[in-house]
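Text of upload.tsv, listed as TSV, C-alpha atoms:
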```
chain	number	residue	atom	x	y	z
X	209	MET	CA	-173.72	-113.11	-62.33
X	210	ALA	CA	-172.90	-110.20	-60.12
X	211	ARG	CA	-170.90	-111.03	-57.02
X	212	ASP	CA	-172.89	-110.73	-53.78
X	213	GLU	CA	-170.89	-108.64	-51.33
X	214	THR	CA	-172.80	-110.09	-48.39
X	215	GLN	CA	-171.37	-113.53	-49.18
X	216	LEU	CA	-167.72	-112.40	-49.28
X	217	ARG	CA	-165.12	-112.59	-46.54
X	218	TYR	CA	-163.18	-109.47	-45.52
X	219	ALA	CA	-159.79	-108.64	-44.09
X	220	SER	CA	-159.75	-105.94	-41.44
X	221	SER	CA	-157.48	-104.05	-43.86
X	222	HIS	CA	-160.49	-103.81	-46.25
X	223	GLU	CA	-159.68	-106.40	-48.91
X	224	TRP	CA	-162.50	-108.79	-49.83
X	225	ALA	CA	-162.09	-112.44	-50.81
X	226	ASP	CA	-164.51	-114.59	-52.77
X	227	LEU	CA	-163.52	-118.14	-51.85
X	228	GLN	CA	-164.50	-120.82	-54.33
X	229	GLN	CA	-163.61	-124.47	-54.65
X	230	GLU	CA	-162.02	-125.28	-58.02
X	231	GLY	CA	-161.29	-129.01	-58.17
X	232	ASP	CA	-159.02	-129.79	-55.26
X	233	ASP	CA	-158.02	-126.16	-54.83
X	234	THR	CA	-159.53	-123.23	-52.99
X	235	VAL	CA	-159.23	-120.08	-55.13
X	236	ALA	CA	-159.73	-116.62	-53.67
X	237	THR	CA	-160.74	-113.79	-55.96
X	238	VAL	CA	-159.60	-110.63	-54.20
X	239	GLY	CA	-160.53	-106.95	-54.40
X	240	ILE	CA	-160.92	-103.80	-52.27
X	241	SER	CA	-164.19	-103.08	-50.48
X	242	ALA	CA	-166.48	-100.23	-51.51
X	243	PHE	CA	-165.89	-98.65	-48.10
X	244	ALA	CA	-162.12	-98.61	-48.63
X	245	ILE	CA	-162.44	-97.24	-52.15
X	246	GLU	CA	-164.56	-94.41	-50.85
X	247	GLN	CA	-162.07	-93.68	-48.08
X	248	LEU	CA	-159.12	-93.76	-50.46
X	249	ASN	CA	-160.86	-91.25	-52.72
X	250	ASP	CA	-159.78	-91.04	-56.35
X	251	LEU	CA	-157.29	-93.83	-57.00
X	252	VAL	CA	-154.76	-92.88	-59.67
X	253	TYR	CA	-152.19	-95.71	-59.65
X	254	MET	CA	-152.17	-99.37	-58.74
X	255	ASP	CA	-149.27	-101.82	-58.64
X	256	LEU	CA	-150.25	-105.48	-58.82
X	257	PRO	CA	-148.22	-108.61	-58.09
X	258	GLU	CA	-147.16	-110.82	-60.97
X	259	VAL	CA	-148.65	-114.21	-61.71
X	260	GLY	CA	-146.68	-116.81	-59.75
X	261	THR	CA	-145.98	-114.51	-56.81
X	262	ALA	CA	-146.28	-116.17	-53.42
X	263	VAL	CA	-148.38	-114.06	-51.06
X	264	THR	CA	-149.01	-114.34	-47.35
X	265	ALA	CA	-152.18	-113.44	-45.47
X	266	GLY	CA	-151.76	-110.01	-43.91
X	267	GLU	CA	-148.65	-109.16	-45.92
X	268	GLU	CA	-148.32	-106.62	-48.73
X	269	MET	CA	-149.12	-107.79	-52.25
X	270	GLY	CA	-149.43	-104.45	-54.06
X	271	GLU	CA	-149.77	-100.69	-53.70
X	272	VAL	CA	-152.19	-97.95	-54.68
X	273	GLU	CA	-151.92	-94.18	-54.87
X	274	SER	CA	-154.76	-91.78	-54.16
X	275	VAL	CA	-154.52	-88.06	-53.43
X	276	LYS	CA	-150.73	-88.30	-53.19
X	277	ALA	CA	-150.97	-91.08	-50.59
X	278	VAL	CA	-149.36	-94.45	-51.26
X	279	SER	CA	-151.11	-97.29	-49.43
X	280	PRO	CA	-150.32	-101.00	-49.34
X	281	LEU	CA	-152.71	-103.68	-50.54
X	282	TYR	CA	-152.65	-106.67	-48.23
X	283	SER	CA	-153.34	-110.23	-49.25
X	284	PRO	CA	-156.27	-111.70	-47.30
X	285	VAL	CA	-155.04	-115.26	-47.87
X	286	THR	CA	-151.83	-117.24	-48.18
X	287	GLY	CA	-151.13	-118.75	-51.58
X	288	GLU	CA	-149.93	-118.18	-55.12
X	289	VAL	CA	-151.18	-115.52	-57.51
X	290	ILE	CA	-152.63	-117.39	-60.50
X	291	GLU	CA	-154.32	-114.53	-62.36
X	292	VAL	CA	-154.06	-110.74	-62.35
X	293	HIS	CA	-156.69	-108.28	-63.53
X	294	SER	CA	-154.34	-106.46	-65.87
X	295	GLU	CA	-157.03	-104.10	-67.22
X	296	LEU	CA	-157.69	-102.66	-63.78
X	297	PRO	CA	-154.73	-100.25	-63.34
X	298	ASP	CA	-155.73	-98.39	-66.51
X	299	ASN	CA	-159.41	-98.24	-65.55
X	300	LEU	CA	-159.33	-97.32	-61.87
X	301	GLU	CA	-162.22	-94.91	-62.26
X	302	LYS	CA	-164.50	-97.96	-62.72
X	303	LEU	CA	-163.65	-99.22	-59.24
X	304	ASN	CA	-166.03	-96.75	-57.62
X	305	ASP	CA	-169.00	-98.08	-59.58
X	306	ASP	CA	-168.14	-101.75	-59.59
X	307	PRO	CA	-165.82	-102.78	-56.75
X	308	TYR	CA	-166.99	-106.40	-56.52
X	309	ASP	CA	-167.08	-107.47	-60.17
X	310	PHE	CA	-164.95	-105.35	-62.48
X	311	GLY	CA	-162.91	-104.40	-59.39
X	312	TRP	CA	-161.36	-107.80	-58.77
X	313	ILE	CA	-157.58	-107.47	-58.48
X	314	VAL	CA	-156.04	-110.95	-58.34
X	315	LYS	CA	-156.96	-114.59	-58.05
X	316	ILE	CA	-154.96	-116.54	-55.49
X	317	LYS	CA	-154.70	-120.31	-55.17
X	318	VAL	CA	-154.82	-120.84	-51.45
X	319	THR	CA	-151.95	-122.97	-50.18
X	320	ASP	CA	-152.53	-122.54	-46.45
X	321	GLU	CA	-156.12	-122.28	-45.26
X	322	SER	CA	-155.24	-121.64	-41.65
X	323	GLY	CA	-155.68	-117.88	-42.03
X	324	ILE	CA	-159.12	-118.00	-43.61
X	325	ASP	CA	-160.88	-118.23	-40.28
X	326	GLN	CA	-159.41	-114.83	-39.41
X	327	LEU	CA	-161.39	-113.19	-42.20
X	328	LEU	CA	-164.57	-111.36	-41.24
X	329	ASP	CA	-168.05	-112.09	-42.50
X	330	HIS	CA	-170.05	-109.23	-44.01
X	331	PRO	CA	-171.97	-108.13	-40.88
X	332	THR	CA	-168.80	-108.10	-38.79
X	333	TYR	CA	-166.93	-106.17	-41.46
X	334	GLN	CA	-169.75	-103.64	-41.75
X	335	LYS	CA	-169.62	-103.15	-37.99
X	336	GLN	CA	-165.89	-102.49	-38.19
X	337	CYS	CA	-166.44	-99.89	-40.93
X	338	ALA	CA	-169.18	-98.17	-38.95
X	339	GLU	CA	-166.93	-97.95	-35.89
X	340	SER	CA	-164.09	-96.41	-37.88
X	341	GLU	CA	-166.18	-93.58	-39.31
W	140	MET	CA	-158.80	-85.89	-36.14
W	141	VAL	CA	-155.24	-86.15	-34.88
W	142	PRO	CA	-154.51	-87.13	-32.25
W	143	SER	CA	-157.73	-88.43	-30.72
W	144	SER	CA	-158.94	-86.67	-27.61
W	145	SER	CA	-157.82	-89.56	-25.43
W	146	ARG	CA	-154.21	-88.62	-26.18
W	147	THR	CA	-154.64	-85.03	-25.03
W	148	GLY	CA	-151.73	-83.81	-22.95
W	149	GLU	CA	-149.18	-86.27	-24.26
W	150	THR	CA	-145.66	-85.47	-25.36
W	151	GLY	CA	-144.70	-85.66	-29.02
W	152	ARG	CA	-141.20	-85.79	-30.41
W	153	LEU	CA	-139.76	-82.87	-32.35
W	154	ILE	CA	-136.75	-83.73	-34.52
W	155	PRO	CA	-134.76	-80.68	-35.60
W	156	PRO	CA	-132.63	-80.52	-38.77
W	157	ASP	CA	-129.80	-83.03	-38.43
W	158	GLU	CA	-126.24	-81.91	-37.72
W	159	GLY	CA	-124.64	-85.36	-37.67
W	160	ALA	CA	-122.95	-86.77	-34.59
W	161	HIS	CA	-121.41	-84.13	-32.31
W	162	ASP	CA	-118.07	-85.95	-32.31
W	163	GLY	CA	-117.97	-85.98	-36.10
W	164	SER	CA	-118.20	-89.79	-36.25
W	165	GLN	CA	-121.39	-89.70	-38.33
W	166	PRO	CA	-122.31	-87.41	-41.21
W	167	SER	CA	-125.63	-85.61	-41.33
W	168	VAL	CA	-128.39	-87.66	-42.89
W	169	GLU	CA	-129.63	-84.69	-44.89
W	170	SER	CA	-128.55	-86.07	-48.23
W	171	PRO	CA	-131.36	-86.81	-50.74
W	172	ASP	CA	-131.40	-90.53	-49.92
W	173	GLY	CA	-130.74	-89.94	-46.23
W	174	ASN	CA	-133.73	-87.62	-45.87
W	175	MET	CA	-136.05	-90.17	-47.41
W	176	ALA	CA	-134.53	-92.91	-45.28
W	177	VAL	CA	-135.20	-91.01	-42.05
W	178	ASP	CA	-138.83	-90.52	-43.05
W	179	GLN	CA	-139.12	-94.24	-43.74
W	180	LEU	CA	-137.53	-94.97	-40.37
W	181	LEU	CA	-140.07	-92.73	-38.63
W	182	LEU	CA	-142.92	-94.54	-40.36
W	183	GLN	CA	-141.67	-98.03	-39.59
W	184	SER	CA	-140.91	-97.05	-36.00
W	185	ILE	CA	-144.57	-96.39	-35.26
W	186	GLU	CA	-145.83	-98.92	-32.76
W	187	GLY	CA	-149.25	-99.13	-31.16
W	188	ALA	CA	-150.35	-95.66	-30.17
W	189	SER	CA	-146.88	-94.15	-30.13
W	190	PRO	CA	-146.97	-90.34	-29.89
W	191	PRO	CA	-146.71	-88.10	-32.96
W	192	VAL	CA	-143.33	-87.16	-34.39
W	193	LEU	CA	-142.66	-83.86	-36.16
W	194	ARG	CA	-139.45	-83.47	-38.11
W	195	PHE	CA	-138.00	-80.52	-39.97
W	196	TYR	CA	-135.20	-81.10	-42.42
W	197	ARG	CA	-132.92	-79.49	-44.95
W	198	TRP	CA	-131.27	-80.80	-48.11
W	199	ASN	CA	-127.50	-80.73	-48.43
W	200	GLU	CA	-127.84	-80.04	-52.15
W	201	PRO	CA	-130.68	-78.92	-54.44
W	202	THR	CA	-132.64	-82.11	-55.12
W	203	LEU	CA	-135.43	-83.22	-57.38
W	204	SER	CA	-137.64	-85.80	-55.66
W	205	LEU	CA	-139.87	-87.94	-57.84
W	206	GLY	CA	-143.28	-89.12	-56.69
W	207	TYR	CA	-143.39	-92.86	-56.02
W	208	PHE	CA	-145.31	-93.71	-59.18
W	209	GLN	CA	-143.58	-91.24	-61.50
W	210	SER	CA	-141.41	-92.41	-64.35
W	211	LEU	CA	-137.73	-91.52	-64.17
W	212	ALA	CA	-137.82	-90.87	-67.92
W	213	ASP	CA	-140.23	-87.99	-67.29
W	214	ARG	CA	-137.39	-86.11	-65.69
W	215	GLN	CA	-136.53	-85.00	-69.21
W	216	LEU	CA	-139.71	-82.91	-69.09
W	217	HIS	CA	-138.01	-80.49	-66.73
W	218	SER	CA	-134.60	-79.42	-67.97
W	219	ASP	CA	-134.11	-76.64	-65.40
W	220	SER	CA	-133.54	-79.23	-62.65
W	221	GLY	CA	-131.23	-81.34	-64.81
W	222	PRO	CA	-128.07	-80.49	-62.81
W	223	CYS	CA	-129.70	-81.42	-59.49
W	224	ALA	CA	-129.47	-84.61	-57.49
W	225	ILE	CA	-132.48	-86.88	-57.78
W	226	VAL	CA	-134.24	-89.29	-55.43
W	227	ARG	CA	-137.51	-91.22	-55.60
W	228	ARG	CA	-139.86	-90.66	-52.69
W	229	ALA	CA	-141.97	-93.41	-51.12
W	230	THR	CA	-144.95	-91.04	-51.24
W	231	GLY	CA	-147.23	-90.09	-54.09
W	232	GLY	CA	-147.74	-86.95	-56.14
W	233	GLY	CA	-145.50	-85.08	-58.56
W	234	ALA	CA	-141.83	-84.10	-58.57
W	235	ILE	CA	-140.55	-81.48	-56.14
W	236	LEU	CA	-137.47	-79.32	-56.44
W	237	HIS	CA	-136.14	-79.02	-52.90
W	238	HIS	CA	-134.04	-75.89	-52.62
W	239	HIS	CA	-135.39	-72.80	-50.88
W	240	GLU	CA	-138.07	-74.41	-48.78
W	241	ILE	CA	-139.10	-75.77	-45.43
W	242	THR	CA	-139.52	-79.52	-45.51
W	243	TYR	CA	-141.50	-81.13	-42.72
W	244	SER	CA	-142.62	-84.64	-41.94
W	245	VAL	CA	-145.13	-85.95	-39.45
W	246	ALA	CA	-145.51	-89.57	-38.35
W	247	VAL	CA	-148.79	-90.46	-36.67
W	248	ALA	CA	-149.92	-93.84	-35.33
W	249	ALA	CA	-153.06	-95.27	-36.92
W	250	LYS	CA	-154.48	-95.77	-33.44
W	251	ASN	CA	-154.32	-92.01	-32.92
W	252	LEU	CA	-156.23	-91.24	-36.10
W	253	ALA	CA	-159.90	-90.58	-35.57
W	254	GLY	CA	-160.81	-90.09	-39.23
W	255	PRO	CA	-159.65	-90.69	-42.78
W	256	ALA	CA	-156.05	-90.00	-43.67
W	257	LEU	CA	-157.17	-87.12	-45.89
W	258	ASP	CA	-158.00	-85.22	-42.72
W	259	LEU	CA	-154.32	-85.15	-41.85
W	260	TYR	CA	-153.64	-83.00	-44.91
W	261	ARG	CA	-156.49	-80.71	-43.91
W	262	GLN	CA	-155.43	-80.29	-40.31
W	263	ILE	CA	-151.74	-79.75	-40.92
W	264	HIS	CA	-152.32	-77.35	-43.79
W	265	GLN	CA	-154.73	-75.34	-41.65
W	266	VAL	CA	-151.94	-74.99	-39.10
W	267	TRP	CA	-149.62	-73.80	-41.88
W	268	ILE	CA	-152.23	-71.20	-42.90
W	269	GLU	CA	-152.37	-69.89	-39.33
W	270	THR	CA	-148.59	-69.96	-39.03
W	271	LEU	CA	-148.11	-68.00	-42.24
W	272	ALA	CA	-150.73	-65.50	-41.09
W	273	ASP	CA	-148.55	-64.86	-38.02
W	274	PHE	CA	-145.92	-63.62	-40.47
W	275	GLY	CA	-148.39	-61.49	-42.44
W	276	VAL	CA	-148.79	-63.96	-45.30
W	277	SER	CA	-152.26	-64.91	-46.47
W	278	ALA	CA	-152.61	-68.36	-48.04
W	279	ARG	CA	-155.78	-70.35	-48.75
W	280	VAL	CA	-156.56	-73.97	-49.46
W	281	TYR	CA	-157.31	-74.73	-53.08
W	282	ARG	CA	-160.77	-76.19	-52.37
W	283	GLU	CA	-161.94	-72.89	-50.86
W	284	LEU	CA	-160.88	-70.70	-53.74
W	285	PRO	CA	-163.70	-69.20	-55.79
W	286	GLU	CA	-163.79	-70.45	-59.36
W	287	SER	CA	-163.17	-66.89	-60.51
W	288	CYS	CA	-159.78	-66.88	-58.79
W	289	PRO	CA	-157.03	-66.79	-61.41
W	290	ALA	CA	-155.13	-70.06	-61.64
W	291	GLU	CA	-151.59	-70.49	-62.79
W	292	SER	CA	-151.95	-71.29	-66.49
W	293	ALA	CA	-149.40	-74.14	-66.39
W	294	ALA	CA	-151.25	-76.06	-63.65
W	295	THR	CA	-152.71	-79.40	-64.77
W	296	PRO	CA	-153.39	-82.67	-62.93
W	297	GLU	CA	-150.72	-84.39	-65.04
W	298	SER	CA	-147.95	-81.82	-64.62
W	299	PHE	CA	-144.52	-83.27	-63.88
W	300	LEU	CA	-143.95	-80.86	-61.00
W	301	CYS	CA	-146.03	-81.23	-57.85
W	302	PHE	CA	-146.27	-77.47	-57.56
W	303	GLN	CA	-147.98	-77.31	-60.95
W	304	ARG	CA	-150.65	-79.81	-59.84
W	305	ARG	CA	-153.60	-79.03	-57.62
W	306	THR	CA	-155.42	-81.06	-55.01
W	307	ASP	CA	-158.04	-79.76	-52.61
W	308	GLU	CA	-155.78	-79.23	-49.63
W	309	ASP	CA	-152.86	-77.53	-51.38
W	310	LEU	CA	-152.06	-74.03	-50.16
W	311	ILE	CA	-152.31	-71.26	-52.73
W	312	ILE	CA	-151.17	-67.65	-52.89
W	313	SER	CA	-152.25	-65.53	-55.87
W	314	GLY	CA	-153.07	-68.63	-57.90
W	315	TYR	CA	-149.72	-70.31	-57.22
W	316	LYS	CA	-149.22	-73.34	-55.02
W	317	ILE	CA	-146.80	-72.75	-52.15
W	318	LEU	CA	-147.37	-75.87	-50.01
W	319	GLY	CA	-147.96	-79.45	-51.03
W	320	SER	CA	-147.82	-82.64	-48.97
W	321	ALA	CA	-147.89	-86.37	-49.65
W	322	GLN	CA	-148.37	-89.53	-47.60
W	323	ARG	CA	-147.26	-93.10	-47.15
W	324	LYS	CA	-149.46	-95.41	-45.13
W	325	THR	CA	-148.91	-98.71	-43.35
W	326	ARG	CA	-151.32	-100.62	-41.13
W	327	HIS	CA	-149.56	-99.02	-38.16
W	328	GLY	CA	-149.59	-95.38	-39.19
W	329	ILE	CA	-149.04	-92.56	-41.66
W	330	LEU	CA	-146.01	-90.59	-42.70
W	331	GLN	CA	-146.89	-87.25	-44.23
W	332	HIS	CA	-144.22	-84.94	-45.54
W	333	GLY	CA	-144.47	-81.68	-47.39
W	334	SER	CA	-142.68	-78.68	-48.81
W	335	LEU	CA	-143.34	-75.01	-48.22
W	336	LEU	CA	-141.81	-72.94	-51.00
W	337	LEU	CA	-140.12	-69.94	-49.41
W	338	LYS	CA	-138.60	-68.51	-52.58
W	339	SER	CA	-138.03	-69.47	-56.18
W	340	SER	CA	-135.10	-71.66	-57.20
W	341	ARG	CA	-133.03	-71.18	-60.33
W	342	PHE	CA	-133.63	-74.90	-60.88
W	343	ALA	CA	-137.40	-74.34	-61.07
W	344	PRO	CA	-137.75	-70.70	-62.10
W	345	GLN	CA	-141.35	-71.22	-63.20
W	346	LEU	CA	-142.39	-71.66	-59.55
W	347	PRO	CA	-142.56	-68.46	-57.51
W	348	GLY	CA	-142.24	-68.80	-53.76
W	349	ILE	CA	-143.67	-66.81	-50.88
W	350	ARG	CA	-141.03	-64.12	-51.32
W	351	GLU	CA	-141.84	-63.52	-54.98
W	352	LEU	CA	-145.59	-63.64	-54.37
W	353	THR	CA	-145.80	-61.51	-51.24
W	354	GLY	CA	-142.45	-59.79	-50.71
W	355	ALA	CA	-142.16	-61.55	-47.34
W	356	ASP	CA	-138.67	-62.86	-46.59
W	357	ILE	CA	-139.39	-65.29	-43.79
W	358	HIS	CA	-136.65	-66.98	-41.81
W	359	ALA	CA	-137.14	-70.74	-42.05
W	360	ALA	CA	-136.18	-71.43	-38.44
W	361	ALA	CA	-138.63	-68.88	-37.09
W	362	LEU	CA	-141.41	-70.22	-39.27
W	363	SER	CA	-140.72	-73.81	-38.26
W	364	LYS	CA	-140.70	-72.91	-34.61
W	365	ARG	CA	-144.03	-71.12	-34.88
W	366	PHE	CA	-145.56	-74.00	-36.83
W	367	ALA	CA	-144.45	-76.49	-34.18
W	368	ARG	CA	-146.02	-74.36	-31.47
W	369	ARG	CA	-149.29	-74.02	-33.34
W	370	LEU	CA	-149.42	-77.73	-34.17
W	371	ALA	CA	-148.84	-78.58	-30.51
W	372	ALA	CA	-151.77	-76.36	-29.59
W	373	ALA	CA	-153.97	-77.91	-32.26
W	374	TRP	CA	-153.14	-81.43	-31.09
W	375	SER	CA	-153.14	-80.59	-27.36
W	376	LEU	CA	-149.64	-81.88	-26.78
W	377	ARG	CA	-146.21	-80.53	-26.11
W	378	TRP	CA	-143.09	-81.25	-28.11
W	379	GLN	CA	-139.93	-82.63	-26.65
W	380	THR	CA	-137.00	-81.80	-28.89
W	381	GLU	CA	-135.05	-84.99	-29.50
W	382	PRO	CA	-132.49	-85.05	-32.34
W	383	LEU	CA	-131.82	-88.27	-34.20
W	384	SER	CA	-129.82	-90.67	-32.07
W	385	VAL	CA	-126.62	-92.35	-33.20
W	386	ALA	CA	-128.52	-95.63	-33.62
W	387	GLU	CA	-131.27	-93.96	-35.65
W	388	ARG	CA	-128.72	-92.25	-37.85
W	389	ASP	CA	-127.03	-95.62	-38.39
W	390	ASP	CA	-130.36	-97.21	-39.32
W	391	ALA	CA	-131.24	-94.36	-41.65
W	392	LEU	CA	-127.90	-94.45	-43.39
W	393	ALA	CA	-128.32	-98.20	-43.93
W	394	ILE	CA	-131.83	-97.69	-45.40
W	395	ALA	CA	-130.45	-94.91	-47.58
W	396	GLU	CA	-127.75	-97.13	-49.00
W	397	GLN	CA	-129.87	-100.24	-49.44
W	398	LYS	CA	-133.00	-98.57	-50.77
W	399	PHE	CA	-133.10	-94.90	-51.70
W	400	ARG	CA	-129.61	-94.71	-53.24
W	401	ALA	CA	-130.03	-97.98	-55.12
W	402	ASP	CA	-130.42	-97.79	-58.87
W	403	ARG	CA	-133.26	-100.31	-58.83
W	404	TRP	CA	-135.28	-97.99	-56.57
W	405	LEU	CA	-134.69	-94.90	-58.67
W	406	ARG	CA	-135.37	-96.76	-61.93
W	407	ARG	CA	-138.28	-98.85	-60.75
W	408	ARG	CA	-140.54	-96.88	-63.10
```

Encoded form using structure tokens:
Amino acid sequence: MARDETQLRYASSHEWADLQQEGDDTVATVGISAFAIEQLNDLVYMDLPEVGTAVTAGEEMGEVESVKAVSPLYSPVTGEVIEVHSELPDNLEKLNDDPYDFGWIVKIKVTDESGIDQLLDHPTYQKQCAESE
Amino acid sequence: MVPSSSRTGETGRLIPPDEGAHDGSQPSVESPDGNMAVDQLLLQSIEGASPPVLRFYRWNEPTLSLGYFQSLADRQLHSDSGPCAIVRRATGGGAILHHHEITYSVAVAAKNLAGPALDLYRQIHQVWIETLADFGVSARVYRELPESCPAESAATPESFLCFQRRTDEDLIISGYKILGSAQRKTRHGILQHGSLLLKSSRFAPQLPGIRELTGADIHAAALSKRFARRLAAAWSLRWQTEPLSVAERDDALAIAEQKFRADRWLRRR
């Protein structure tokens, strides 16, 4: 089933997080918003973290290159990377068409939920995007 | 775009080419790794809405700089630059042979950006077009060239050399690229640096410079000075010339040693 972007949470740095309960754990599937992909314009490279990497909300977890600009990817949550979308870096052109399903980047097992409240809901994130244009 | 109108009238910082400490206690930072370290320092020094910084720099030896995502092994694709020093940039794009050129960098706070980062390429390159016109040289951005305009036959998106790639905002003379820029972004700001090819290098003889393409032999210092003046006018600010301080040079030399000179950085891809 296609992921509903209106139900996702967003970092102000434009990463989305789909938070799901899996047993006792909260797992965040993470990607980049359609707005950010459009702003970045023509992604050509992506560096992803390795499985097992500890990530912190608001800190860098990867990098992308578009039009000769290298930009950081920030983790929207604190936790451990448990899965990486390894097909993505070789198929970045698909991100434009499918940022919320094929475009997932990593899955993170949340180890500290204190930062989740800082994430924006969809209407608030849309407002932020509109103000930055 | 940059800076936003609310910053009009502010003072930006102009960093001239580095001479090292006056008392000889510090070397110049214009080594391959030192130059990249200073640009990193400028980017990480951006705080809040700190005013723009414009830096011009030289290279103390002919240097090949790799784009951040390029493979070191691909250096074998360009034998002419084999004898040159090499460094990996923190910015994207293709490899650049830094020899007879003007190298500039600009650090701008995110809070002073009123549009997408791509606009920074557009604005700064427009100022370069106007600056070159002051010296009788006519350059155009790639996106405005008619399709009938002859393109350099070697230019492809995958070329090893930056100057044999094309993106919309590159500056072109007679089908050849003479200015390319690249960026590194953080949540606090953008560092954009770029190279203007004044004349061809024996280490990249396939790339003609402004002199070969137009006959114009432009003095780098005069061109830099004019560019700074035009950029100040475009951004409604004035520059205060402020060379690197002793502390900044110390910080840059430490970054150079720990990061840009380190084998793990150069060989990361």

Expected answer as a list in words: chain X residues within 10 Å of chain W, all atoms listed in the file: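 Putting it all together, I get Ser220, Ser221, Gln247, Leu248, Asn249, Val252, Tyr253, Met254, Asp255, Gly266, Glu268, Glu271, Val272, Glu273, Ser274, Val275, Lys276, Ala277, Val278, Ser279, Pro280, Leu281, Tyr282, Ser340 and Glu341 of chain X.
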
For region 209-213 of chain X, find every residue with an atom within 9 Å (counting only C-alpha atoms), except residues of its own chain fewer than 2 positions away, and show them as a tab-separated table (two decimals) with C-alpha atoms, in the coordinates of the input.
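So part_7.tsv came out as:
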```
chain	number	residue	atom	x	y	z
X	215	GLN	CA	-171.37	-113.53	-49.18
X	216	LEU	CA	-167.72	-112.40	-49.28
X	217	ARG	CA	-165.12	-112.59	-46.54
X	224	TRP	CA	-162.50	-108.79	-49.83
X	226	ASP	CA	-164.51	-114.59	-52.77
X	241	SER	CA	-164.19	-103.08	-50.48
X	308	TYR	CA	-166.99	-106.40	-56.52
X	309	ASP	CA	-167.08	-107.47	-60.17
X	330	HIS	CA	-170.05	-109.23	-44.01
```

Selected residue of minimal separation from His217 (chain W) among W:Leu284, W:Ala361, W:Leu300, W:Ile268, counting only C-alpha atoms: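 Residue with the minimum atom-to-atom distance to His217 (chain W): W:Leu300.
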
Check which residues of region 331-403 of chain W sit at most 10 Å from region 194-200 of chain W using all atoms listed in the file, and return one row each with the closest pair of atoms and their distance in Å to one decimal, ordered by chain and rising number, as a tab-separated table.
```
residue	atom	partner	partner_atom	distance
W:His332	CA	W:Arg194	CA	9.0
W:Gly333	CA	W:Phe195	CA	9.9
W:Ala360	CA	W:Phe195	CA	9.4
W:Ser363	CA	W:Phe195	CA	7.4
W:Lys364	CA	W:Phe195	CA	9.7
W:Ala367	CA	W:Arg194	CA	9.4
W:Thr380	CA	W:Arg194	CA	9.7
W:Glu381	CA	W:Arg194	CA	9.8
W:Pro382	CA	W:Arg194	CA	9.2
W:Leu383	CA	W:Arg194	CA	9.8
```

At what distance in Å, to one decimal, does CA of Val177 (chain W) lie from CA of Val192 (chain W)?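 Going from CA of Val192 (chain W) over to CA of Val177 (chain W) covers 11.8 Å.
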
Residue nearest Gln183 (chain W) among W:Gly328, W:Leu370, W:Leu335, W:Ala359 (counting only C-alpha atoms):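 Ranked by minimum distance to Gln183 (chain W), first place goes to W:Gly328.
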
Nearest-residue call for Leu303 (chain X), choices X:Leu227, X:Thr319, X:Asp233, X:Ile245, using all atoms listed in the file: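 The closest residue to Leu303 (chain X) is X:Ile245.
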
Interatomic distance (Å, one decimal) between CA of Ser220 (chain W) and CA of Gly348 (chain W):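 One can read the CA of Ser220 (chain W) to CA of Gly348 (chain W) distance as 16.2 Å.
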
Given the choices X:Pro307, X:Val289, X:Thr332, X:Ile324, which gets closest to Glu246 (chain X) if the distance is worked out from all atoms listed in the file?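 Closest to Glu246 (chain X), using all atoms listed in the file: X:Pro307.
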
For CA of Ala272 (chain W) and CA of Leu318 (chain W), the interatomic separation in Å (one decimal):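 Atom-to-atom, CA of Ala272 (chain W) and CA of Leu318 (chain W) are spaced 14.1 Å apart.
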
Check the smallest atom-to-atom distance from each of W:Phe399, W:Phe274, W:Tyr243, W:Trp267 to Ala355 (chain W) using only C-alpha atoms, then report the winner. W:Phe274

Can you list, as a list in words, every protein, DNA or RNA residue that comes within 10 Å of Gln228 (chain X) when you count all atoms listed in the file, leaving out same-chain residues fewer than 4 positions away?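 Non-adjacent residues within range: Asp233, Thr234, Val235, Ala236, Thr237 and Lys317 of chain X.
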